[in-house]
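The file entry24.txt comes next; it holds compact mmCIF, C-alpha atoms and all ligand atoms.
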# COMPACT_ATOMS: atom_id res chain seq x y z
CA MET K 12 -12.19 -7.41 9.85
CA ASP K 13 -12.41 -5.50 6.54
CA GLN K 14 -11.66 -7.38 3.36
CA VAL K 15 -9.61 -5.97 0.49
CA SER K 16 -9.10 -7.90 -2.72
CA ILE K 17 -6.15 -7.22 -4.97
CA MET K 18 -5.67 -8.53 -8.51
CA LYS K 19 -2.71 -8.15 -10.82
CA CYS K 20 -3.55 -6.19 -13.98
CA ASP K 21 -0.76 -5.21 -16.33
CA ASP K 22 -2.49 -2.74 -18.62
CA TYR K 23 -5.79 -1.21 -19.65
CA GLU K 24 -6.70 -3.74 -22.34
CA PRO K 25 -10.51 -3.91 -21.78
CA GLU K 26 -10.92 -7.70 -21.40
CA GLN K 27 -7.94 -7.96 -19.05
CA VAL K 28 -9.32 -5.11 -16.92
CA TYR K 29 -12.78 -6.70 -16.81
CA LYS K 30 -11.36 -10.08 -15.80
CA ALA K 31 -9.20 -8.61 -13.02
CA LEU K 32 -12.03 -6.40 -11.79
CA THR K 33 -14.72 -9.07 -11.73
CA THR K 34 -12.39 -11.58 -10.08
CA SER K 35 -11.53 -8.98 -7.46
CA LEU K 36 -15.20 -8.19 -6.81
CA SER K 37 -16.28 -11.83 -6.73
CA LEU K 38 -13.78 -12.42 -3.89
CA LEU K 39 -15.71 -9.88 -1.81
CA GLY K 40 -19.02 -11.62 -2.38
CA ASP K 41 -21.94 -11.86 -4.73
CA SER K 42 -22.94 -8.68 -6.58
CA SER K 43 -26.31 -8.76 -4.78
CA GLN K 44 -24.46 -7.84 -1.57
CA PHE K 45 -23.66 -4.47 -3.10
CA ILE K 46 -26.33 -3.63 -5.67
CA ARG K 47 -29.75 -4.91 -6.67
CA PRO K 48 -31.53 -4.96 -10.05
CA GLY K 49 -33.04 -1.62 -11.02
CA MET K 50 -30.70 0.45 -8.82
CA ARG K 51 -29.28 3.66 -10.23
CA VAL K 52 -25.59 3.23 -9.46
CA LEU K 53 -23.35 6.29 -9.39
CA LEU K 54 -19.80 5.60 -10.53
CA LYS K 55 -17.88 8.29 -8.62
CA CYS K 56 -14.65 8.56 -10.59
CA ASN K 57 -11.69 10.86 -10.06
CA LEU K 58 -12.09 13.40 -12.88
CA LEU K 59 -9.91 16.11 -11.39
CA MET K 60 -9.55 18.13 -14.58
CA ARG K 61 -9.17 17.87 -18.36
CA LYS K 62 -6.39 15.30 -18.58
CA LYS K 63 -5.85 12.45 -21.01
CA PRO K 64 -6.14 8.93 -19.54
CA GLU K 65 -2.45 8.25 -20.19
CA GLU K 66 -1.47 11.21 -17.97
CA ALA K 67 -2.69 9.14 -14.98
CA ALA K 68 -4.31 12.07 -13.17
CA THR K 69 -7.84 10.67 -13.52
CA THR K 70 -9.52 7.27 -13.20
CA HIS K 71 -8.85 5.36 -16.40
CA PRO K 72 -11.96 5.06 -18.63
CA GLU K 73 -11.46 1.31 -19.16
CA ILE K 74 -11.70 0.74 -15.39
CA VAL K 75 -14.93 2.75 -15.33
CA ALA K 76 -16.25 0.87 -18.37
CA ALA K 77 -15.50 -2.46 -16.67
CA VAL K 78 -17.32 -1.39 -13.50
CA ALA K 79 -20.29 -0.20 -15.60
CA ARG K 80 -20.39 -3.57 -17.38
CA TRP K 81 -20.37 -5.39 -14.00
CA VAL K 82 -23.19 -3.13 -12.74
CA LYS K 83 -25.27 -3.82 -15.84
CA THR K 84 -24.72 -7.56 -15.50
CA ALA K 85 -26.06 -7.26 -11.95
CA GLY K 86 -29.14 -5.45 -13.28
CA GLY K 87 -28.15 -1.92 -12.20
CA ILE K 88 -28.05 1.30 -14.21
CA PRO K 89 -24.56 2.87 -14.09
CA VAL K 90 -24.10 6.65 -14.24
CA ILE K 91 -20.62 8.19 -14.56
CA ALA K 92 -20.23 11.30 -12.39
CA ASP K 93 -17.83 13.60 -10.60
CA SER K 94 -17.51 17.24 -9.71
CA PRO K 95 -14.08 18.22 -11.07
CA GLY K 96 -12.07 21.20 -9.82
CA GLY K 97 -13.25 24.59 -11.05
CA LEU K 98 -16.78 25.44 -12.14
CA TYR K 99 -19.48 22.76 -11.89
CA THR K 100 -21.36 23.42 -15.13
CA GLU K 101 -22.63 21.24 -17.94
CA ARG K 102 -20.06 22.80 -20.26
CA ALA K 103 -17.20 22.07 -17.86
CA LEU K 104 -18.39 18.48 -17.40
CA ARG K 105 -18.60 17.97 -21.16
CA GLY K 106 -14.98 19.11 -21.58
CA VAL K 107 -13.73 16.90 -18.76
CA TYR K 108 -15.64 13.81 -19.98
CA ARG K 109 -14.19 14.29 -23.45
CA ALA K 110 -10.59 14.83 -22.34
CA CYS K 111 -10.61 12.02 -19.75
CA GLY K 112 -11.96 9.41 -22.19
CA MET K 113 -15.32 9.02 -20.44
CA GLU K 114 -17.28 10.30 -23.44
CA PHE K 115 -15.59 7.64 -25.59
CA VAL K 116 -16.44 4.67 -23.34
CA ALA K 117 -19.91 6.05 -22.59
CA THR K 118 -20.74 6.18 -26.32
CA ARG K 119 -19.10 2.83 -27.05
CA ASP K 120 -20.77 0.96 -24.18
CA ASP K 121 -24.00 2.96 -23.79
CA ILE K 122 -23.28 4.32 -20.30
CA GLU K 123 -25.02 7.42 -18.95
CA LEU K 124 -22.91 10.51 -18.22
CA ASN K 125 -24.24 12.83 -15.54
CA TYR K 126 -25.01 16.41 -16.61
CA ASN K 127 -27.17 17.36 -13.64
CA VAL K 128 -25.29 20.20 -11.94
CA GLU K 129 -27.86 20.91 -9.25
CA GLU K 130 -26.72 21.03 -5.61
CA VAL K 131 -28.53 20.14 -2.38
CA GLU K 132 -27.95 20.83 1.31
CA VAL K 133 -27.74 17.73 3.48
CA SER K 134 -27.37 17.19 7.22
CA HIS K 135 -24.70 14.99 8.72
CA HIS K 136 -25.19 15.09 12.47
CA GLU K 137 -22.43 12.55 13.15
CA GLY K 138 -19.88 14.73 11.33
CA LYS K 139 -17.00 15.85 13.52
CA THR K 140 -16.05 18.99 11.59
CA ILE K 141 -19.20 19.86 9.66
CA LYS K 142 -22.81 18.97 10.43
CA SER K 143 -24.21 19.88 7.01
CA HIS K 144 -22.84 19.80 3.49
CA THR K 145 -23.70 21.08 0.05
CA VAL K 146 -23.40 18.06 -2.25
CA THR K 147 -24.11 17.33 -5.88
CA LYS K 148 -27.72 16.31 -6.38
CA VAL K 149 -26.73 13.28 -8.46
CA VAL K 150 -25.19 11.77 -5.32
CA GLU K 151 -28.43 12.19 -3.40
CA GLU K 152 -30.48 10.68 -6.20
CA ALA K 153 -28.35 7.56 -6.57
CA ASP K 154 -29.49 4.27 -5.05
CA ALA K 155 -25.90 3.07 -4.70
CA ILE K 156 -22.44 4.59 -5.03
CA ILE K 157 -19.30 2.93 -6.33
CA ASN K 158 -16.22 4.97 -5.51
CA ILE K 159 -13.60 4.49 -8.27
CA ALA K 160 -10.38 6.19 -7.18
CA LYS K 161 -6.93 6.63 -8.71
CA LEU K 162 -3.82 5.88 -6.67
CA LYS K 163 -1.73 9.06 -6.62
CA THR K 164 0.49 11.26 -4.51
CA HIS K 165 -0.87 14.62 -3.37
CA GLY K 166 0.86 17.91 -2.57
CA MET K 167 -1.24 18.61 0.52
CA THR K 168 -2.38 15.21 1.80
CA LEU K 169 0.66 13.22 0.51
CA TYR K 170 -1.56 10.39 -0.77
CA THR K 171 -4.93 10.47 -2.53
CA GLY K 172 -7.09 7.42 -2.92
CA ALA K 173 -10.52 6.20 -1.90
CA VAL K 174 -11.38 8.54 1.00
CA LYS K 175 -10.04 11.70 -0.67
CA ASN K 176 -11.86 10.83 -3.91
CA LEU K 177 -15.18 11.36 -2.13
CA PHE K 178 -14.36 15.06 -1.69
CA GLY K 179 -15.59 15.22 -5.29
CA VAL K 180 -19.22 15.02 -4.11
CA ILE K 181 -18.79 18.65 -3.03
CA PRO K 182 -19.70 20.79 -6.04
CA GLY K 183 -16.99 22.68 -7.95
CA THR K 184 -15.77 25.83 -6.30
CA THR K 185 -17.58 25.06 -3.00
CA LYS K 186 -14.54 22.89 -2.31
CA ALA K 187 -12.55 26.10 -1.81
CA GLU K 188 -14.78 27.00 1.18
CA TYR K 189 -13.78 23.74 2.85
CA HIS K 190 -10.12 24.54 2.38
CA LEU K 191 -10.70 27.93 3.95
CA ARG K 192 -12.64 26.60 6.91
CA MET K 193 -10.22 23.72 7.54
CA LYS K 194 -6.79 25.21 6.90
CA LYS K 195 -4.86 22.71 9.00
CA LEU K 196 -4.17 19.36 7.39
CA GLU K 197 -5.53 17.56 10.48
CA ASP K 198 -8.87 19.41 10.30
CA PHE K 199 -9.08 19.03 6.53
CA SER K 200 -8.46 15.29 6.87
CA ASP K 201 -11.13 15.01 9.56
CA MET K 202 -13.51 16.70 7.16
CA LEU K 203 -12.58 14.17 4.42
CA VAL K 204 -13.42 11.33 6.81
CA ASP K 205 -16.71 13.10 7.62
CA ILE K 206 -17.62 13.26 3.94
CA SER K 207 -16.64 9.65 3.42
CA SER K 208 -18.80 8.60 6.37
CA TYR K 209 -21.69 10.60 4.93
CA VAL K 210 -21.43 9.17 1.40
CA LYS K 211 -20.89 5.59 2.63
CA PRO K 212 -20.05 4.10 -0.78
CA ASN K 213 -21.38 0.58 -1.34
CA LEU K 214 -18.04 -0.36 -2.88
CA SER K 215 -14.67 1.29 -3.40
CA ILE K 216 -12.33 0.36 -6.24
CA MET K 217 -8.74 1.51 -6.80
CA ASP K 218 -7.31 2.06 -10.26
CA ALA K 219 -3.71 1.16 -9.50
CA VAL K 220 -2.85 -0.22 -12.93
CA VAL K 221 -0.95 2.99 -13.58
CA GLY K 222 -0.81 5.48 -10.69
CA MET K 223 0.87 8.83 -10.29
CA GLU K 224 4.09 9.38 -8.35
CA GLY K 225 6.09 12.54 -7.62
CA GLN K 226 4.27 15.85 -7.83
CA GLY K 227 0.72 14.50 -7.77
CA PRO K 228 -2.19 14.79 -8.01
CA SER K 229 -1.88 16.32 -11.49
CA ALA K 230 1.73 17.24 -12.24
CA GLY K 231 3.45 13.99 -11.28
CA GLU K 232 4.67 11.12 -13.44
CA PRO K 233 2.57 8.09 -14.43
CA ARG K 234 3.91 4.99 -12.69
CA LYS K 235 2.95 1.44 -13.54
CA ILE K 236 1.80 -0.38 -10.41
CA GLY K 237 -0.10 -3.20 -12.08
CA ALA K 238 -3.10 -3.85 -9.82
CA ILE K 239 -6.81 -3.32 -9.30
CA LEU K 240 -8.06 -3.36 -5.70
CA ALA K 241 -11.56 -3.42 -4.24
CA SER K 242 -13.22 -3.27 -0.84
CA ALA K 243 -16.49 -2.39 0.84
CA SER K 244 -14.42 -0.09 3.07
CA PRO K 245 -12.69 2.98 1.56
CA TYR K 246 -10.50 3.15 4.71
CA ALA K 247 -9.24 -0.41 4.35
CA LEU K 248 -8.74 0.14 0.64
CA ASP K 249 -6.51 3.15 1.35
CA VAL K 250 -4.51 1.20 3.92
CA VAL K 251 -3.72 -1.54 1.40
CA SER K 252 -3.21 0.81 -1.58
CA ALA K 253 -0.80 3.06 0.31
CA SER K 254 1.06 -0.04 1.56
CA LEU K 255 1.26 -1.31 -2.01
CA VAL K 256 3.36 1.73 -2.97
CA GLY K 257 5.23 1.98 0.34
CA ILE K 258 3.80 5.26 1.65
CA PRO K 259 4.01 5.06 5.47
CA LEU K 260 0.50 4.91 6.93
CA ASP K 261 1.44 7.12 9.87
CA ARG K 262 2.15 9.95 7.41
CA ILE K 263 -1.30 9.82 5.79
CA CYS K 264 -3.53 12.10 7.78
CA THR K 265 -6.88 10.65 6.60
CA ILE K 266 -5.74 7.21 7.77
CA GLN K 267 -4.71 8.62 11.15
CA ARG K 268 -8.03 10.43 11.48
CA ALA K 269 -9.89 7.24 10.55
CA ASN K 270 -7.89 5.46 13.25
CA GLU K 271 -9.18 7.88 15.91
CA ARG K 272 -12.73 6.88 14.97
CA GLY K 273 -12.00 3.18 15.21
CA LEU K 274 -12.04 2.76 11.44
CA CYS K 275 -9.53 0.61 9.60
CA SER K 276 -6.04 2.14 9.73
CA ASP K 277 -3.69 -0.82 9.82
CA LEU K 278 -2.84 -3.83 7.65
CA ASN K 279 -3.39 -6.03 10.73
CA ASN K 280 -7.07 -5.14 10.54
CA VAL K 281 -7.42 -6.22 6.92
CA GLU K 282 -8.13 -9.60 5.43
CA LEU K 283 -6.25 -9.65 2.13
CA LEU K 284 -7.79 -11.62 -0.73
CA GLY K 285 -6.55 -12.41 -4.25
CA ASP K 286 -3.00 -11.93 -5.44
CA CYS K 287 -0.08 -11.53 -3.04
CA LEU K 288 0.38 -7.93 -1.84
CA GLU K 289 4.06 -8.51 -1.09
CA GLU K 290 4.77 -9.65 -4.65
CA LEU K 291 3.03 -6.62 -6.15
CA LYS K 292 4.66 -4.02 -3.88
CA ILE K 293 6.49 -1.05 -5.41
CA HIS K 294 9.57 -0.15 -3.39
CA ASP K 295 10.71 3.10 -5.00
CA PHE K 296 7.46 5.02 -5.47
CA LYS K 297 8.33 8.72 -5.44
CA ILE K 298 6.45 11.05 -3.09
CA PRO K 299 6.37 14.85 -3.59
CA PHE K 300 9.79 16.31 -2.87
CA HIS K 301 8.42 18.80 -0.33
CA LYS K 302 6.76 15.95 1.61
CA LYS K 303 10.00 14.10 2.29
CA VAL K 304 10.84 13.97 5.97
CA GLY K 305 13.81 16.25 6.53
CA PHE K 306 16.17 17.13 9.33
CA ILE K 307 13.68 19.44 11.08
CA GLU K 308 10.93 16.81 11.32
CA GLN K 309 13.40 14.08 12.26
CA TYR K 310 14.96 16.19 14.98
CA PHE K 311 11.88 17.86 16.45
CA GLY K 312 9.12 15.43 15.39
CA GLY K 313 6.69 16.08 12.53
CA ASP K 314 3.80 17.32 14.70
CA SER K 315 5.76 19.36 17.23
CA THR K 316 5.01 23.05 17.72
CA ILE K 317 8.54 24.00 16.72
CA SER K 318 8.33 21.95 13.49
CA GLN K 319 5.02 23.56 12.67
CA PHE K 320 6.40 27.05 13.39
CA ILE K 321 9.43 26.46 11.17
CA ASN K 322 7.21 24.92 8.51
CA ASN K 323 4.96 27.97 8.51
CA LYS K 324 7.92 30.30 8.18
CA PHE K 325 10.10 28.32 5.80
CA GLY K 326 7.87 25.46 4.64
CA PRO K 327 6.75 24.53 1.16
CA ARG K 328 5.17 27.20 -0.99
CA PRO K 329 3.85 27.45 -4.55
CA VAL K 330 6.34 28.83 -7.04
CA PHE K 331 5.08 29.93 -10.46
CA HIS K 332 7.21 29.33 -13.54
CA TYR K 333 5.97 32.02 -15.88
CA GLU K 334 7.52 30.62 -19.04
CA GLY K 335 4.83 27.92 -19.27
CA CYS K 336 1.96 30.04 -17.94
CA ILE K 337 -0.80 30.82 -20.44
CA GLY K 338 -2.59 33.27 -18.13
CA CYS K 339 -5.76 31.14 -17.95
CA ARG K 340 -6.48 32.35 -14.37
CA ASP K 341 -7.53 28.88 -13.14
CA CYS K 342 -5.14 29.26 -10.19
CA GLU K 343 -6.58 32.68 -9.32
CA ARG K 344 -10.20 31.44 -9.57
CA ASN K 345 -9.57 28.37 -7.43
CA CYS K 346 -7.40 29.89 -4.71
CA PRO K 347 -9.56 29.57 -1.55
CA PRO K 348 -8.30 32.70 0.30
CA LYS K 349 -7.96 34.70 -2.95
CA ALA K 350 -4.23 35.04 -2.34
CA ILE K 351 -3.48 35.16 -6.07
CA THR K 352 -3.83 38.25 -8.23
CA MET K 353 -3.00 38.55 -11.90
CA VAL K 354 -0.34 41.13 -12.70
CA GLU K 355 0.27 41.76 -16.40
CA GLY K 356 -1.42 38.43 -17.17
CA LYS K 357 0.64 36.38 -14.72
CA PRO K 358 -0.30 35.14 -11.24
CA VAL K 359 1.33 36.65 -8.15
CA VAL K 360 0.79 35.16 -4.67
CA ASP K 361 0.49 37.05 -1.43
CA MET K 362 2.24 34.55 0.85
CA LYS K 363 0.76 36.18 3.95
CA GLU K 364 -2.66 34.99 2.73
CA CYS K 365 -1.60 31.62 1.28
CA ILE K 366 -2.91 28.65 3.32
CA ARG K 367 -0.72 26.12 1.46
CA CYS K 368 -3.60 24.06 0.16
CA TYR K 369 -1.86 23.69 -3.24
CA CYS K 370 -5.16 23.86 -5.16
CA CYS K 371 -3.32 26.13 -7.62
CA GLN K 372 -0.72 23.46 -8.37
CA GLU K 373 -3.42 20.77 -8.52
CA LEU K 374 -5.51 22.63 -11.11
CA CYS K 375 -2.91 24.38 -13.28
CA PRO K 376 -3.43 22.93 -16.77
CA GLN K 377 0.13 23.82 -17.76
CA GLU K 378 1.85 22.20 -14.74
CA THR K 379 3.86 25.37 -14.27
CA ILE K 380 3.39 25.61 -10.51
CA GLU K 381 5.94 23.88 -8.36
CA ILE K 382 5.75 23.31 -4.62
CA LYS K 383 9.15 24.28 -3.30
CA ARG K 384 10.79 24.20 0.07
CA SER K 385 12.95 27.08 1.19
CA TRP K 386 16.75 27.02 1.26
CA LEU K 387 16.58 26.06 4.97
CA PHE K 388 14.87 22.74 4.27
CA GLN K 389 16.90 22.04 1.16
CA THR K 390 20.13 22.66 3.05
CA PHE K 391 19.22 20.12 5.72
CA LYS K 392 17.84 17.46 3.34
S1 LIG Q 1 -3.35 28.09 -13.71
FE1 LIG Q 1 -1.25 27.84 -14.48
S2 LIG Q 1 -1.35 28.50 -16.62
FE2 LIG Q 1 -3.23 29.25 -15.62
S3 LIG Q 1 -2.70 31.34 -14.95
FE3 LIG Q 1 -2.26 29.99 -13.23
S4 LIG Q 1 -0.07 29.45 -13.46
FE4 LIG Q 1 -0.76 30.31 -15.41
S1 LIG Q 2 -1.73 30.37 -3.57
FE1 LIG Q 2 -2.07 28.21 -4.04
S2 LIG Q 2 -1.38 27.14 -2.20
FE2 LIG Q 2 -1.68 29.29 -1.63
S3 LIG Q 2 -3.78 29.38 -0.87
FE3 LIG Q 2 -3.86 29.90 -3.04
S4 LIG Q 2 -4.30 27.95 -4.05
FE4 LIG Q 2 -3.61 27.46 -1.97
Could the structure of this file be written out as structure tokens, please?
Ligand code: SF4
Ligand code: SF4
Amino acid sequence: MDQVSIMKCDDYEPEQVYKALTTSLSLLGDSSQFIRPGMRVLLKCNLLMRKKPEEAATTHPEIVAAVARWVKTAGGIPVIADSPGGLYTERALRGVYRACGMEFVATRDDIELNYNVEEVEVSHHEGKTIKSHTVTKVVEEADAIINIAKLKTHGMTLYTGAVKNLFGVIPGTTKAEYHLRMKKLEDFSDMLVDISSYVKPNLSIMDAVVGMEGQGPSAGEPRKIGAILASASPYALDVVSASLVGIPLDRICTIQRANERGLCSDLNNVELLGDCLEELKIHDFKIPFHKKVGFIEQYFGGDSTISQFINNKFGPRPVFHYEGCIGCRDCERNCPPKAITMVEGKPVVDMKECIRCYCCQELCPQETIEIKRSWLFQTFK
């Protein structure tokens, strides 16, 4: 049975975070079970894009600093890394580290920031969807990986946590190729489980002190949850984290795909340690509006052919609000099927080409892209 520890943590005051984190980790076992002295330990954060820590789109720097301190105490060498959305260049990394507060904690606490933007091809014969991947070289060079996720909603996958965070080992714009090859949510989720099973993080930690609800993963609202969670299993960690905020597990495709492989997908398969999950639960956590189960899904079933047909015809789609658009072209650059063209400095989508991956909404720095359902769905809400 997988173990998940959960500790109450009310805010990001550094000593409080360190205490909650180290208590949570000590419940899982001695640090020597996870890392040994001299190991180069990659801290795989969620650094989606240039966002301030208080916007709750990225792993909070004080959580990362606390993990780095724990690694150093165990004799390891922590390295902060991620491949954010967009270009994977040293310049892009520098901007993200600065905006997300990583540069600040790295300077304050003498933690290494990764600037190696090399990529390597790796084989993964056990992969169900893909047998080889291009991954960031820093992942391959690490002796151990600690996966430090942020608990958020997501326009495509509904929930993003530990398993989805590992998609960030795929360099920059290569991620778009995965969206193109795996257009269906089921296939995309299988691919996420493949990547997670390739990376096999030594530990996974969830920053759920303040998560993101609503239109996540970047345009939602920060929501205090008040907990730090940890587990050796990213699958078990997602099961407990999603339960903490009341997102039904049967609606999270990565959890369902993990279930098919006999991986943890149910609270009954988890040994809970630390503070009481029930007492920390959030009962009104908002999911993206377009992900709410409506009349069509209730009547015909979410996975039925007729639901999928109606969804394709009338389902959610990106809508651009031009008044906030600064014409930066990030949406155009990151659209996997190149369905977006710029017309007079503003993006226009060819909906016949759109695969509804919502990368545009995820990466728009102005939060001017909304995922909207058609009148049909809104009428029957
Ligand atoms: S990413 Fe956002 S701000 Fe930039 S061009 Fe697209 S809609 Fe406009
Ligand atoms: S327009 Fe947006 S949602 Fe559609 S394919 Fe492009 S990035 Fe994905």
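With distances restricted to all atoms listed in the file, K:Gly97 is the closest residue to ligand LIG 1 (chain Q) from K:Asp249, K:Gly97, K:Leu104, K:Ala241.
Residue nearest Val354 of chain K, chosen from K:Cys368, K:Tyr333, K:Ile181, K:Val250 and counting only C-alpha atoms: K:Tyr333.
For ligand LIG 1 (chain Q), the neighbouring protein, DNA and RNA residues, which are those within 9 Å when only C-alpha atoms and all ligand atoms are counted, are Phe331, His332, Tyr333, Gly335, Cys336, Ile337, Gly338, Cys339, Arg340, Asp341, Cys342, Glu343, Arg344, Asn345, Ile351, Met353, Gly356, Lys357, Pro358, Cys371, Gln372, Glu373, Leu374, Cys375, Pro376, Gln377, Glu378, Thr379 and Ile380 of chain K.
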Best match for closeness to ligand LIG 2 (chain Q) among K:Asp295, K:Glu188, K:Asp205, K:Glu151, counting all atoms listed in the file: K:Glu188
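Using all atoms listed in the file as the basis for the distance check, residues found within 6 Å of ligand LIG 2 (chain Q) are Pro329, Cys346, Pro347, Pro348, Ala350, Ile351, Val360, Cys365, Ile366, Arg367, Cys368, Tyr369, Cys370 and Cys371 of chain K.
Checking K:Asp120, K:Glu224, K:Asp13, K:Asp277 one by one against Ala77 of chain K, counting all atoms listed in the file, you find the shortest gap at K:Asp120.
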Give me the residues within 6 Å of Met223 of chain K as a PDB file with C-alpha atoms, in the coordinates of the input, counting all atoms listed in the file and dropping any in the same chain fewer than 3 places off.
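Okay, this is what ended up in out.pdb:
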ATOM      1  CA  ALA K  67      -2.690   9.140 -14.980  1.00  0.00           C
ATOM      2  CA  LYS K 163      -1.730   9.060  -6.620  1.00  0.00           C
ATOM      3  CA  GLY K 231       3.450  13.990 -11.280  1.00  0.00           C
ATOM      4  CA  GLU K 232       4.670  11.120 -13.440  1.00  0.00           C
ATOM      5  CA  PRO K 233       2.570   8.090 -14.430  1.00  0.00           C
ATOM      6  CA  ARG K 234       3.910   4.990 -12.690  1.00  0.00           C
TER       7      ARG K 234
END
Around (-5.7, 2.7, -2.8), as given in the file, which residues come within 10 Å? Count all atoms listed in the file and list them as a PyMOL selection string. chain K and resi 159-163+170-174+215-219+222+238-242+245-256
Show me, as JSON, the centre and edge lengths in Å to one decimal of the axis-aligned box that covers every listed atom of segment 344-351 of chain K with 8 Å on each side.
{"center_x": -6.8, "center_y": 31.8, "center_z": -4.6, "size_x": 22.7, "size_y": 22.8, "size_z": 25.9}
Find the spatial neighbours of Phe178 of chain K, counting all atoms listed in the file, within a cut-off of 7 Å - ignore same-chain residues fewer than 3 positions away - and output them as a list in words. Lys175, Ile181, Leu203 and Ile206 of chain K
Output as an mmCIF file, in the coordinates of the input: segment 70-90 of chain K, completed with N, CA and C atoms.
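Generated file (rebuild-v9.cif):
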data_model
loop_
_atom_site.group_PDB
_atom_site.id
_atom_site.type_symbol
_atom_site.label_atom_id
_atom_site.label_comp_id
_atom_site.auth_asym_id
_atom_site.auth_seq_id
_atom_site.Cartn_x
_atom_site.Cartn_y
_atom_site.Cartn_z
ATOM 1 N N THR K 70 -9.209 8.705 -13.111
ATOM 2 C CA THR K 70 -9.520 7.270 -13.200
ATOM 3 C C THR K 70 -9.552 6.875 -14.676
ATOM 4 N N HIS K 71 -8.923 5.747 -14.996
ATOM 5 C CA HIS K 71 -8.850 5.360 -16.400
ATOM 6 C C HIS K 71 -10.238 4.927 -16.909
ATOM 7 N N PRO K 72 -10.617 5.379 -18.113
ATOM 8 C CA PRO K 72 -11.960 5.060 -18.630
ATOM 9 C C PRO K 72 -12.236 3.561 -18.763
ATOM 10 N N GLU K 73 -11.199 2.760 -19.012
ATOM 11 C CA GLU K 73 -11.460 1.310 -19.160
ATOM 12 C C GLU K 73 -11.796 0.663 -17.812
ATOM 13 N N ILE K 74 -11.308 1.233 -16.717
ATOM 14 C CA ILE K 74 -11.700 0.740 -15.390
ATOM 15 C C ILE K 74 -13.183 1.079 -15.172
ATOM 16 N N VAL K 75 -13.548 2.308 -15.513
ATOM 17 C CA VAL K 75 -14.930 2.750 -15.330
ATOM 18 C C VAL K 75 -15.862 1.926 -16.218
ATOM 19 N N ALA K 76 -15.427 1.677 -17.445
ATOM 20 C CA ALA K 76 -16.250 0.870 -18.370
ATOM 21 C C ALA K 76 -16.442 -0.542 -17.823
ATOM 22 N N ALA K 77 -15.395 -1.099 -17.223
ATOM 23 C CA ALA K 77 -15.500 -2.460 -16.670
ATOM 24 C C ALA K 77 -16.459 -2.488 -15.483
ATOM 25 N N VAL K 78 -16.399 -1.457 -14.644
ATOM 26 C CA VAL K 78 -17.320 -1.390 -13.500
ATOM 27 C C VAL K 78 -18.755 -1.246 -14.017
ATOM 28 N N ALA K 79 -18.941 -0.398 -15.033
ATOM 29 C CA ALA K 79 -20.290 -0.200 -15.600
ATOM 30 C C ALA K 79 -20.835 -1.516 -16.163
ATOM 31 N N ARG K 80 -19.964 -2.281 -16.808
ATOM 32 C CA ARG K 80 -20.390 -3.570 -17.380
ATOM 33 C C ARG K 80 -20.806 -4.537 -16.259
ATOM 34 N N TRP K 81 -20.044 -4.540 -15.161
ATOM 35 C CA TRP K 81 -20.370 -5.390 -14.000
ATOM 36 C C TRP K 81 -21.713 -4.969 -13.397
ATOM 37 N N VAL K 82 -21.925 -3.650 -13.302
ATOM 38 C CA VAL K 82 -23.190 -3.130 -12.740
ATOM 39 C C VAL K 82 -24.362 -3.559 -13.619
ATOM 40 N N LYS K 83 -24.186 -3.443 -14.925
ATOM 41 C CA LYS K 83 -25.270 -3.820 -15.840
ATOM 42 C C LYS K 83 -25.583 -5.314 -15.736
ATOM 43 N N THR K 84 -24.527 -6.112 -15.635
ATOM 44 C CA THR K 84 -24.720 -7.560 -15.500
ATOM 45 C C THR K 84 -25.520 -7.882 -14.243
ATOM 46 N N ALA K 85 -25.328 -7.053 -13.214
ATOM 47 C CA ALA K 85 -26.060 -7.260 -11.950
ATOM 48 C C ALA K 85 -27.456 -6.628 -11.989
ATOM 49 N N GLY K 86 -27.801 -6.027 -13.135
ATOM 50 C CA GLY K 86 -29.140 -5.450 -13.280
ATOM 51 C C GLY K 86 -29.248 -3.980 -12.896
ATOM 52 N N GLY K 87 -28.121 -3.336 -12.585
ATOM 53 C CA GLY K 87 -28.150 -1.920 -12.200
ATOM 54 C C GLY K 87 -27.987 -0.998 -13.404
ATOM 55 N N ILE K 88 -28.190 0.292 -13.152
ATOM 56 C CA ILE K 88 -28.050 1.300 -14.210
ATOM 57 C C ILE K 88 -26.886 2.216 -13.825
ATOM 58 N N PRO K 89 -25.724 2.060 -14.485
ATOM 59 C CA PRO K 89 -24.560 2.870 -14.090
ATOM 60 C C PRO K 89 -24.627 4.297 -14.634
ATOM 61 N N VAL K 90 -24.161 5.236 -13.823
ATOM 62 C CA VAL K 90 -24.100 6.650 -14.240
ATOM 63 C C VAL K 90 -22.719 7.171 -13.856
#
